[in-house]
Each structure stands twice: as C-alpha cells, then as structure tokens.
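Pasted below: input-v1.tsv, TSV, C-alpha atoms.
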```tsv
chain	number	residue	atom	x	y	z
A	1	ALA	CA	70.80	263.39	31.96
A	2	GLY	CA	68.30	264.17	29.31
A	3	GLY	CA	66.33	262.34	26.71
A	4	GLY	CA	69.06	262.53	24.07
A	5	THR	CA	69.80	259.78	21.62
A	6	ALA	CA	72.82	257.56	22.04
A	7	ARG	CA	75.50	257.70	19.37
A	8	VAL	CA	77.45	254.66	18.33
A	9	ASP	CA	81.17	255.14	17.78
A	10	PRO	CA	81.98	253.61	14.35
A	11	SER	CA	85.39	252.54	15.66
A	12	ALA	CA	83.69	250.39	18.34
A	13	ARG	CA	82.50	247.81	15.79
A	14	THR	CA	82.20	244.22	16.85
A	15	ALA	CA	84.39	241.49	15.44
A	16	PRO	CA	83.23	239.86	12.21
A	17	ILE	CA	81.15	236.74	12.76
A	18	LEU	CA	83.65	234.78	10.66
A	19	GLU	CA	87.22	235.52	9.61
A	20	VAL	CA	89.37	233.26	7.47
A	21	ARG	CA	93.01	234.38	7.44
A	22	GLY	CA	95.72	232.94	5.22
A	23	ILE	CA	94.11	229.51	4.86
A	24	THR	CA	96.09	226.90	2.99
A	25	ALA	CA	94.53	223.45	2.76
A	26	GLY	CA	94.70	220.25	0.79
A	27	TYR	CA	94.25	216.51	0.75
A	28	GLY	CA	96.56	213.57	1.40
A	29	ARG	CA	98.29	212.12	4.45
A	30	VAL	CA	101.94	211.99	3.53
A	31	LYS	CA	102.22	214.66	0.87
A	32	LYS	CA	99.28	217.08	0.71
A	33	LYS	CA	97.91	218.12	-2.66
A	34	ILE	CA	97.28	221.79	-1.92
A	35	VAL	CA	93.91	223.02	-3.16
A	36	LEU	CA	93.68	226.38	-1.35
A	37	ARG	CA	96.54	228.84	-0.91
A	38	ASP	CA	96.49	231.87	1.36
A	39	VAL	CA	92.70	232.43	1.32
A	40	ASP	CA	91.21	235.35	3.27
A	41	LEU	CA	87.51	235.94	3.89
A	42	THR	CA	85.58	238.16	6.27
A	43	VAL	CA	81.85	237.77	6.95
A	44	SER	CA	79.84	240.16	9.09
A	45	SER	CA	76.64	239.29	10.90
A	46	ARG	CA	73.62	238.95	8.57
A	47	GLN	CA	75.86	239.10	5.51
A	48	VAL	CA	75.56	236.65	2.62
A	49	VAL	CA	78.78	235.81	0.82
A	50	GLY	CA	78.97	233.79	-2.37
A	51	VAL	CA	82.15	232.05	-3.45
A	52	ILE	CA	82.18	231.60	-7.20
A	53	GLY	CA	84.60	229.56	-9.25
A	54	GLU	CA	84.96	226.74	-11.71
A	55	SER	CA	84.56	223.11	-10.71
A	56	GLY	CA	87.52	221.88	-8.69
A	57	CYS	CA	88.77	225.33	-7.65
A	58	GLY	CA	88.31	224.68	-3.91
A	59	LYS	CA	84.86	226.05	-2.99
A	60	SER	CA	83.79	222.85	-1.20
A	61	THR	CA	87.24	222.50	0.35
A	62	LEU	CA	86.92	225.99	1.84
A	63	ALA	CA	83.53	225.09	3.36
A	64	ARG	CA	84.98	221.87	4.80
A	65	VAL	CA	87.91	223.78	6.32
A	66	ILE	CA	85.69	226.45	7.89
A	67	SER	CA	83.41	223.77	9.38
A	68	GLY	CA	86.39	221.86	10.76
A	69	LEU	CA	85.78	218.75	8.68
A	70	LEU	CA	89.14	219.25	6.93
A	71	PRO	CA	91.86	220.82	9.09
A	72	GLN	CA	93.88	223.47	7.32
A	73	VAL	CA	97.62	223.19	6.66
A	74	SER	CA	98.15	226.78	7.76
A	75	GLY	CA	96.22	229.93	8.55
A	76	GLU	CA	93.42	230.47	11.05
A	77	ILE	CA	89.66	230.73	11.33
A	78	ALA	CA	88.03	233.02	13.88
A	79	ARG	CA	84.40	233.18	14.99
A	80	ASN	CA	83.43	236.42	16.73
A	81	GLY	CA	87.13	237.17	17.20
A	82	THR	CA	87.97	233.80	18.82
A	83	ILE	CA	90.33	231.47	16.96
A	84	LEU	CA	88.79	228.06	16.24
A	85	ALA	CA	90.70	224.80	16.45
A	86	PRO	CA	91.41	223.38	12.98
A	87	ALA	CA	89.55	220.07	13.48
A	88	VAL	CA	85.90	219.73	14.47
A	89	GLU	CA	86.91	217.13	17.09
A	90	GLN	CA	88.90	219.85	18.89
A	91	ARG	CA	86.07	222.41	18.89
A	92	SER	CA	83.60	222.96	21.70
A	93	LYS	CA	79.95	222.03	21.35
A	94	SER	CA	78.98	225.71	21.02
A	95	GLU	CA	81.64	226.28	18.33
A	96	ILE	CA	80.32	223.32	16.34
A	97	GLN	CA	76.75	224.53	16.79
A	98	SER	CA	77.62	228.01	15.57
A	99	ILE	CA	78.83	226.85	12.13
A	100	GLN	CA	76.61	224.40	10.27
A	101	ILE	CA	77.04	223.04	6.76
A	102	VAL	CA	74.49	222.02	4.13
A	103	PHE	CA	76.15	219.60	1.75
A	104	GLN	CA	75.69	219.60	-2.00
A	105	MET	CA	74.48	215.99	-2.25
A	106	ALA	CA	71.49	215.52	0.02
A	107	ASP	CA	71.40	211.75	-0.54
A	108	VAL	CA	74.81	211.32	1.05
A	109	ALA	CA	74.09	213.69	3.94
A	110	LEU	CA	70.87	212.02	5.14
A	111	ASN	CA	70.83	208.72	7.02
A	112	PRO	CA	68.47	206.51	4.97
A	113	ARG	CA	67.48	204.53	8.09
A	114	GLN	CA	66.23	207.51	10.06
A	115	ARG	CA	62.89	209.23	9.78
A	116	ILE	CA	62.92	212.95	8.94
A	117	ARG	CA	61.80	213.80	12.50
A	118	ASP	CA	64.94	212.11	13.84
A	119	ILE	CA	67.26	213.73	11.29
A	120	ILE	CA	66.00	217.24	12.06
A	121	GLY	CA	65.44	216.43	15.73
A	122	ARG	CA	69.02	215.37	16.43
A	123	PRO	CA	70.45	218.93	16.59
A	124	LEU	CA	67.45	220.00	18.68
A	125	GLU	CA	68.22	217.28	21.20
A	126	PHE	CA	72.01	217.67	21.08
A	127	TYR	CA	72.32	221.47	21.10
A	128	MET	CA	69.04	222.62	22.64
A	129	ASN	CA	68.36	219.72	25.05
A	130	MET	CA	64.75	219.63	23.85
A	131	GLY	CA	62.45	216.94	25.18
A	132	SER	CA	60.50	214.79	22.75
A	133	ALA	CA	57.25	216.84	22.67
A	134	ALA	CA	59.03	220.19	22.17
A	135	ARG	CA	61.38	218.61	19.66
A	136	LEU	CA	58.51	217.19	17.58
A	137	GLU	CA	56.76	220.58	17.57
A	138	ARG	CA	59.96	222.35	16.49
A	139	VAL	CA	60.57	219.76	13.74
A	140	GLY	CA	57.11	220.62	12.39
A	141	GLU	CA	57.90	224.34	12.49
A	142	LEU	CA	61.21	223.80	10.69
A	143	LEU	CA	59.54	221.67	8.01
A	144	GLU	CA	57.02	224.45	7.42
A	145	LEU	CA	59.85	226.99	7.32
A	146	VAL	CA	61.42	225.12	4.39
A	147	GLU	CA	57.95	224.71	2.83
A	148	LEU	CA	57.43	221.02	3.52
A	149	PRO	CA	54.30	219.61	5.18
A	150	ARG	CA	54.54	218.65	8.87
A	151	ASP	CA	53.58	215.06	8.05
A	152	PHE	CA	56.92	214.64	6.25
A	153	ALA	CA	58.34	214.11	9.75
A	154	THR	CA	57.32	210.44	9.63
A	155	ARG	CA	58.86	209.76	6.22
A	156	PHE	CA	62.22	208.28	5.35
A	157	PRO	CA	64.62	210.06	2.93
A	158	LYS	CA	63.93	207.53	0.14
A	159	GLU	CA	60.31	208.77	0.10
A	160	LEU	CA	61.39	212.33	-0.81
A	161	SER	CA	62.48	213.96	-4.05
A	162	GLY	CA	65.98	215.43	-4.37
A	163	GLY	CA	64.71	218.96	-3.73
A	164	GLU	CA	62.73	217.83	-0.68
A	165	LYS	CA	65.79	216.07	0.73
A	166	GLN	CA	67.83	219.24	0.30
A	167	ARG	CA	65.18	221.23	2.16
A	168	VAL	CA	65.40	218.67	5.00
A	169	ASN	CA	69.17	219.26	5.03
A	170	LEU	CA	68.56	222.99	5.31
A	171	ALA	CA	65.99	222.47	8.11
A	172	ARG	CA	68.54	220.35	9.99
A	173	ALA	CA	71.14	223.12	9.74
A	174	LEU	CA	68.61	225.74	10.86
A	175	ALA	CA	67.62	223.54	13.83
A	176	ALA	CA	71.01	224.24	15.45
A	177	GLU	CA	70.35	228.00	15.29
A	178	PRO	CA	73.89	228.65	14.00
A	179	ASP	CA	75.67	231.96	13.50
A	180	VAL	CA	76.92	230.78	10.09
A	181	ILE	CA	75.43	228.36	7.57
A	182	LEU	CA	77.79	227.12	4.89
A	183	CYS	CA	75.92	226.01	1.77
A	184	ASP	CA	77.87	223.87	-0.67
A	185	GLU	CA	76.04	224.46	-3.96
A	186	VAL	CA	72.81	223.94	-2.06
A	187	ALA	CA	70.66	225.42	-4.81
A	188	SER	CA	71.79	222.82	-7.36
A	189	SER	CA	69.54	220.20	-5.71
A	190	LEU	CA	66.62	222.44	-4.83
A	191	ASP	CA	63.35	222.45	-6.70
A	192	THR	CA	61.66	225.66	-7.80
A	193	VAL	CA	60.11	226.31	-4.35
```
Since I need it in another form, could you write the structure as structure tokens?
Amino acid sequence: AGGGTARVDPSARTAPILEVRGITAGYGRVKKKIVLRDVDLTVSSRQVVGVIGESGCGKSTLARVISGLLPQVSGEIARNGTILAPAVEQRSKSEIQSIQIVFQMADVALNPRQRIRDIIGRPLEFYMNMGSAARLERVGELLELVELPRDFATRFPKELSGGEKQRVNLARALAAEPDVILCDEVASSLDTV
C-alpha cells in the first residue's frame, strides 16, 4: 500500500441520469394522434441537452412524457438505470422530485391565489420537510439565485412581469433539488437578466 493515485476504469461508468428509449406518444383517448415515434435520448449528469424543432414537432410532448404528465404509448424512460412508471401518479415521491419541469407559459403554471413564498415553498415542504422558518429562508435564497429580491416572497403572481414569473417557475423547480430540469421553451418568457 503506497501513496499511488487511483485509476478509474472507463468501462465502469455509471448509468446515464436519464435515458429515453423508443418513446412513442400522442394524444386522444380512443384513437391516439401520435406525435412522437421511436424517440431515443440519453443525458449524462451535468449535461445540457437542447431539443430543437419547428412548432408542433413534439418538443413539449417529449417533456411531458419524461415528466410523467403524459404517459407514453410505448417505450421506456429510465432515471439512473431504473425504469420509471409511465404516469406521474405511479411514480414514487423521490422519482417525481428528481425530474422537475418548467413550463413555457408562466401564467398558467403559477397559482394566482398563492403568494410567491407559498409557490416556491411547496416543494421545500413536500420534498424536504422544511419547517416554516427554514422554508422562508430558503425561498429567499432561491429568489436571489434567480435574481429576484427577497421581498418578492410576499407578492402574488399578478404583481410580477412575465420574465419575473418565469424566474419564479425556475426557482420552484430548483427548490426540489432535482437531478433533471426539463425546460419547455423557458427562455421565451425570460427578460434580459
């Protein structure tokens, strides 16, 4: 036993953080209108992947399928090598926590009757079991992280601009400390900050 350096075997790589294999998905109850056919995607830890395509090509549908909001017709999704159930209702709390989505339209995604502290605080309470004092402090930190003042915590969504609302959406996703954040054209609503 000496002071040598450890070598990592390249063949001993860990599973990708997210794998999408052969996904086919669509909309409709009786007869599905297929939007995605046989889609494959692999995402490693700390990797950013952009899906580019014309309007209506299935980018948002793919995000909804990965998050479990729209169960696929066929194929499978794996997180860290473990196959996920198609529907979010069938996934465990930790599986839901690990994949968060930031929707394109912030107005639709934010409850207009809740203050920003409650919107961002919900994942902190649900996933992290944070008490009210710790939750309020973390909400302030998350607001600062997305370059909003801490005092925005007491505001309602209607008091914010579109870009500010989108940053609140991003802060809410970050609050869950997920492995994967799916952003559905998130930059389209953001301001220059």
Shell around A:Arg64 at 9 Å using only C-alpha atoms, local window under 5 positions removed, as a ChimeraX atom specification: /A:59,69-71,101,182
Selection as a PyMOL selection string: residues within 12 Å of (84.3, 214.4, 13.9), counting all atoms listed in the file: chain A and resi 64+67-71+86-93+96
Å distance separating atom CA of A:Val146 from atom CA of A:Leu160, one decimal place: 13.8 Å
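Nearest residue to A:Thr24, choosing from A:Leu84, A:Gly75, A:Asp40, A:Ser45 and counting all atoms listed in the file: A:Gly75.
Compared by their closest atoms to A:Glu185, and using all atoms listed in the file, the residues A:Met105, A:Pro123, A:Arg117, A:Ile66 rank with A:Met105 nearest.
Of note, atom CA of A:Gly22 and atom CA of A:Thr42 are spaced 11.5 Å apart.
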Atom CA of A:Gln104 to atom CA of A:Asn169, distance in Å rounded to a single decimal: 9.6 Å
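Of the residues under consideration (A:Pro157, A:Ser94, A:Leu148, A:Glu19), A:Pro157 shows the shortest atom-to-atom contact distance to A:Asn111 when counting all atoms listed in the file.
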Output as a tab-separated table one row per residue of stretch 30-139 of chain A within 7 Å of stretch 170-175 of chain A: the closest atom pair and its distance in Å to one decimal place, counting only C-alpha atoms, sorted by chain and residue number ascending.
```
residue	atom	partner	partner_atom	distance
A:Gln100	CA	A:Ala173	CA	5.6
A:Ile101	CA	A:Ala173	CA	6.6
A:Val102	CA	A:Leu170	CA	6.1
A:Ile119	CA	A:Arg172	CA	6.9
A:Ile120	CA	A:Arg172	CA	4.5
A:Pro123	CA	A:Ala175	CA	6.1
A:Leu124	CA	A:Ala175	CA	6.0
```
Nearest to A:Asn80, chosen from A:Leu142, A:Met130, A:Ile181, A:Val20, with only C-alpha atoms counted in the distances: A:Val20
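Close contacts of A:Gly28, defined as residues with an atom at most 12 Å away when counting only C-alpha atoms, with chain neighbours fewer than 2 positions off set aside, comprise Ala25, Gly26, Val30, Lys31, Lys32, Lys33, Ile34, Val35, Leu70, Pro71, Gln72 and Val73 of chain A.
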Output of the above residues as a CSV table (one decimal), in the frame of the given file, restricted to C-alpha atoms:
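Saved result, selection-v4.csv, follows:
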```
chain,number,residue,atom,x,y,z
A,25,ALA,CA,94.5,223.4,2.8
A,26,GLY,CA,94.7,220.2,0.8
A,30,VAL,CA,101.9,212.0,3.5
A,31,LYS,CA,102.2,214.7,0.9
A,32,LYS,CA,99.3,217.1,0.7
A,33,LYS,CA,97.9,218.1,-2.7
A,34,ILE,CA,97.3,221.8,-1.9
A,35,VAL,CA,93.9,223.0,-3.2
A,70,LEU,CA,89.1,219.2,6.9
A,71,PRO,CA,91.9,220.8,9.1
A,72,GLN,CA,93.9,223.5,7.3
A,73,VAL,CA,97.6,223.2,6.7
```
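With all atoms listed in the file as the atoms that count, the residue of A:Leu41, A:Arg113, A:Val168, A:Thr61 with the shortest distance to A:Gly140 is A:Val168.
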Rebuild stretch 88-121 of chain A to N, CA and C atoms - output it as a short mmCIF file (atom, residue, chain, number, x, y, z; two decimals), in the coordinates of the input, please.
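Printed below is part_31.cif as written:
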```
data_model
loop_
_atom_site.label_atom_id
_atom_site.label_comp_id
_atom_site.auth_asym_id
_atom_site.auth_seq_id
_atom_site.Cartn_x
_atom_site.Cartn_y
_atom_site.Cartn_z
N VAL A 88 87.18 219.69 13.77
CA VAL A 88 85.90 219.73 14.47
C VAL A 88 85.98 218.97 15.80
N GLU A 89 86.78 217.92 15.86
CA GLU A 89 86.91 217.13 17.09
C GLU A 89 87.52 217.94 18.23
N GLN A 90 88.24 219.00 17.89
CA GLN A 90 88.90 219.85 18.89
C GLN A 90 88.06 221.06 19.28
N ARG A 91 86.92 221.25 18.62
CA ARG A 91 86.07 222.41 18.89
C ARG A 91 85.05 222.08 19.97
N SER A 92 84.63 223.12 20.68
CA SER A 92 83.60 222.96 21.70
C SER A 92 82.24 222.74 21.04
N LYS A 93 81.31 222.26 21.83
CA LYS A 93 79.95 222.03 21.35
C LYS A 93 79.34 223.33 20.80
N SER A 94 79.55 224.44 21.48
CA SER A 94 78.98 225.71 21.02
C SER A 94 79.67 226.19 19.73
N GLU A 95 80.95 225.91 19.57
CA GLU A 95 81.64 226.28 18.33
C GLU A 95 81.12 225.45 17.15
N ILE A 96 80.87 224.18 17.39
CA ILE A 96 80.32 223.32 16.34
C ILE A 96 78.90 223.77 15.99
N GLN A 97 78.12 224.07 17.01
CA GLN A 97 76.75 224.53 16.79
C GLN A 97 76.70 225.81 15.97
N SER A 98 77.66 226.69 16.19
CA SER A 98 77.62 228.01 15.57
C SER A 98 77.92 228.01 14.08
N ILE A 99 78.52 226.94 13.56
CA ILE A 99 78.83 226.85 12.13
C ILE A 99 78.29 225.52 11.62
N GLN A 100 77.23 225.59 10.83
CA GLN A 100 76.61 224.40 10.27
C GLN A 100 76.82 224.39 8.76
N ILE A 101 76.80 223.18 8.20
CA ILE A 101 77.04 223.04 6.76
C ILE A 101 75.88 222.27 6.13
N VAL A 102 75.48 222.71 4.94
CA VAL A 102 74.49 222.02 4.13
C VAL A 102 75.24 221.51 2.91
N PHE A 103 75.35 220.19 2.81
CA PHE A 103 76.15 219.60 1.75
C PHE A 103 75.43 219.61 0.40
N GLN A 104 76.21 219.54 -0.65
CA GLN A 104 75.69 219.60 -2.00
C GLN A 104 74.80 218.39 -2.31
N MET A 105 75.22 217.20 -1.92
CA MET A 105 74.48 215.99 -2.25
C MET A 105 73.66 215.53 -1.04
N ALA A 106 72.38 215.83 -1.09
CA ALA A 106 71.49 215.52 0.02
C ALA A 106 71.42 214.01 0.30
N ASP A 107 71.49 213.20 -0.74
CA ASP A 107 71.40 211.75 -0.54
C ASP A 107 72.49 211.22 0.37
N VAL A 108 73.68 211.77 0.24
CA VAL A 108 74.81 211.32 1.05
C VAL A 108 74.71 211.85 2.47
N ALA A 109 74.13 213.03 2.64
CA ALA A 109 74.09 213.69 3.94
C ALA A 109 72.99 213.17 4.87
N LEU A 110 71.99 212.50 4.32
CA LEU A 110 70.87 212.02 5.14
C LEU A 110 71.00 210.53 5.40
N ASN A 111 70.80 210.13 6.66
CA ASN A 111 70.83 208.72 7.02
C ASN A 111 69.56 208.07 6.49
N PRO A 112 69.67 207.10 5.58
CA PRO A 112 68.47 206.51 4.97
C PRO A 112 67.63 205.70 5.96
N ARG A 113 68.20 205.35 7.10
CA ARG A 113 67.48 204.53 8.09
C ARG A 113 66.74 205.35 9.14
N GLN A 114 66.89 206.66 9.07
CA GLN A 114 66.23 207.51 10.06
C GLN A 114 65.06 208.25 9.42
N ARG A 115 64.02 208.43 10.23
CA ARG A 115 62.89 209.23 9.78
C ARG A 115 63.31 210.71 9.81
N ILE A 116 62.61 211.52 9.04
CA ILE A 116 62.92 212.95 8.94
C ILE A 116 62.85 213.61 10.31
N ARG A 117 61.91 213.22 11.16
CA ARG A 117 61.80 213.80 12.50
C ARG A 117 63.06 213.56 13.33
N ASP A 118 63.72 212.42 13.10
CA ASP A 118 64.94 212.11 13.84
C ASP A 118 66.14 212.86 13.26
N ILE A 119 66.16 213.01 11.94
CA ILE A 119 67.26 213.73 11.29
C ILE A 119 67.26 215.20 11.72
N ILE A 120 66.09 215.83 11.66
CA ILE A 120 66.00 217.24 12.06
C ILE A 120 66.02 217.37 13.58
N GLY A 121 65.51 216.38 14.27
CA GLY A 121 65.44 216.43 15.73
C GLY A 121 66.77 216.25 16.44
#
```
